[in-house]
Amino acid sequence: MRFLATVVAVLLCATASLAAAEPLPVAVEIPSGGYVLHAQLYTPVGKGPFPTVIALHGCGGLAGRTEPVLPRYRDWALDLVKDGKAVLLPDSYGSRGLGPQCRVKERRISGRRERVADIVAAQKWLLQQSWAMPDRISLVGWASGASALLWAVRPQLPDHVSPDFRAAIAFYPDCRASSGLGWSARVPTLILIGGLDDVYSPPACRQMIDGARGRSALTRIVVYPGAYHDFDRLNLPVHQVAGADAAAPERGHVGSDPEARADAQKLVADWLAR
């Protein structure tokens with residue numbers, strides 16, 4: 001029994017050590033016009049300067065009930081930190097006292113306006129930080145955050161600053177509005193979407209990218225044939241959205257695709273290393 005108790009104690013200590021070794025986010029406040037943009041920041045060990053990623057949450061929001069960053073974003077942030085990058089996650093909804101916006105009919109937050117303003121505010125704040133490399137600030141977004149990203153990288157954005165974003169990666173954005181507006185990008189932009197995504201429209205994203213090629217050689221789309229919306233999440237069985245979960249899309253299927261996620265991890269690392 002003493003031996004068993006000793007083994008259990010050692011395992012508990014090892015588990016605690018692993019948990020302690022996981023980087024924890026630091027809450028930061030970013031002035032932005034008439035309000036304060038709250039964000040969570042992950043940084044690698046050391047003083048930097050680090051390449052930095054601004055990571056943009058989807059319509060379900062950034063935080064959970066008991067955690068400042070939902071696992072789906074935390075997992076990606078930790079992967080990026082291991083690769084030597086700092087990750088800043090602005091909380092566009094929580095900063096304005098709002099919860100999930102997936103099923104809100106009249107949304108108070110527009111991807112084209114408020115969320116782009118948050119992106120610009122986050123970039124300006126990072127340019128003032130000594131630990132952030134000013135010429136290696138990139139964007140990564142998911143779903144509605146990815147849709148906001150598409151607006152933020154357009155050449156027509158009036159208040160983008162210099163140095164500009166290094167690169168941008170959009171996971172399953174809603175391309176339907178942009179595809180009919182002559183969209184193009186002023187920075188290298190990668191779109192990753194499942195071919196079976198029935199929350200948004202893979203054909204609209206392909207049409208948008210195909211239309212941009214004449215105006216921009218900085219864009220690429222990868223469509224994963226057997227993958228659904230949220231394919232990059234860990235351990236989420238594919239299922240049809242049902243019920244009234246305010247943090248879930250109104251329709252369609254969501255779920256993990258390990259092969260697509262693994263390929264996306266490689267593509268993200270390569271794209272950010274440009």
# chains A, B, ... in the order shown; residues from 1 in each chain; ligands from 1
$ residues_around --residues "Pro134 of chain A" --least-positions-apart "2" --cutoff "12 Å" --atoms "only C-alpha atoms" --output "PyMOL selection string"
chain A and resi 48-53+123-132+136-138+161-166
$ residues_around --residues "Ala152 of chain A" --least-positions-apart "6" --cutoff "8 Å" --atoms "only C-alpha atoms" --output "PDB file with N, CA and C atoms, in the first residue's frame"
ATOM      1  N   ARG A 112     -17.126  44.064 -40.218  1.00  0.00           N
ATOM      2  CA  ARG A 112     -16.561  45.059 -41.130  1.00  0.00           C
ATOM      3  C   ARG A 112     -16.165  46.341 -40.405  1.00  0.00           C
ATOM      4  N   VAL A 116     -12.925  45.041 -37.154  1.00  0.00           N
ATOM      5  CA  VAL A 116     -11.746  45.583 -37.846  1.00  0.00           C
ATOM      6  C   VAL A 116     -11.090  46.654 -36.989  1.00  0.00           C
ATOM      7  N   ILE A 119      -8.966  44.956 -34.531  1.00  0.00           N
ATOM      8  CA  ILE A 119      -7.733  44.464 -35.146  1.00  0.00           C
ATOM      9  C   ILE A 119      -6.711  45.591 -35.258  1.00  0.00           C
TER      10      ILE A 119
END
$ select_by_dssp --residues "segment 85-168 of chain A" --states "strand (DSSP E or B)" --output "JSON, numbers by chain"
{"A": [86, 87, 88, 89, 90, 132, 133, 134, 135, 136, 137, 138, 139, 140, 141, 142, 168]}
$ atom_distance --atom1 "atom CA of Leu272 of chain A" --atom2 "atom CA of Asp75 of chain A"
17.0 Å
$ residues_around --residues "segment 245-261 of chain A" --least-positions-apart "6" --cutoff "9 Å" --atoms "only C-alpha atoms" --output "ChimeraX atom specification"
/A:59-61,99-104,194,196-200,224,226-239
$ select_by_dssp --residues "segment 109-165 of chain A" --states "helix (DSSP H, G or I)" --output "VMD selection string"
chain A and resid 114 to 126 144 to 152
$ closest_residue --among "A:Thr189, A:Thr66, A:Ser32, A:Ser179" --to "Arg115 of chain A" --atoms "only C-alpha atoms"
A:Ser32
$ closest_residue --among "A:Gly97, A:Pro173, A:Gly46, A:Pro158" --to "Val120 of chain A" --atoms "only C-alpha atoms"
A:Pro158
$ closest_residue --among "A:Glu67, A:Glu22, A:Asp91, A:Asp159" --to "Ala117 of chain A" --atoms "only C-alpha atoms"
A:Asp159
$ closest_residue --among "A:Asp118, A:Gln265, A:Met133, A:Val222" --to "Ala77 of chain A" --atoms "only C-alpha atoms"
A:Gln265
$ closest_residue --among "A:Gln156, A:Val28, A:Thr43, A:Trp183" --to "Ala212 of chain A" --atoms "only C-alpha atoms"
A:Trp183
$ atom_distance --atom1 "atom CA of Asp83 of chain A" --atom2 "atom CA of Leu41 of chain A"
15.3 Å
$ closest_residue --among "A:Leu181, A:Ile221, A:Ala273, A:Ala170" --to "Ser147 of chain A" --atoms "only C-alpha atoms"
A:Ala170
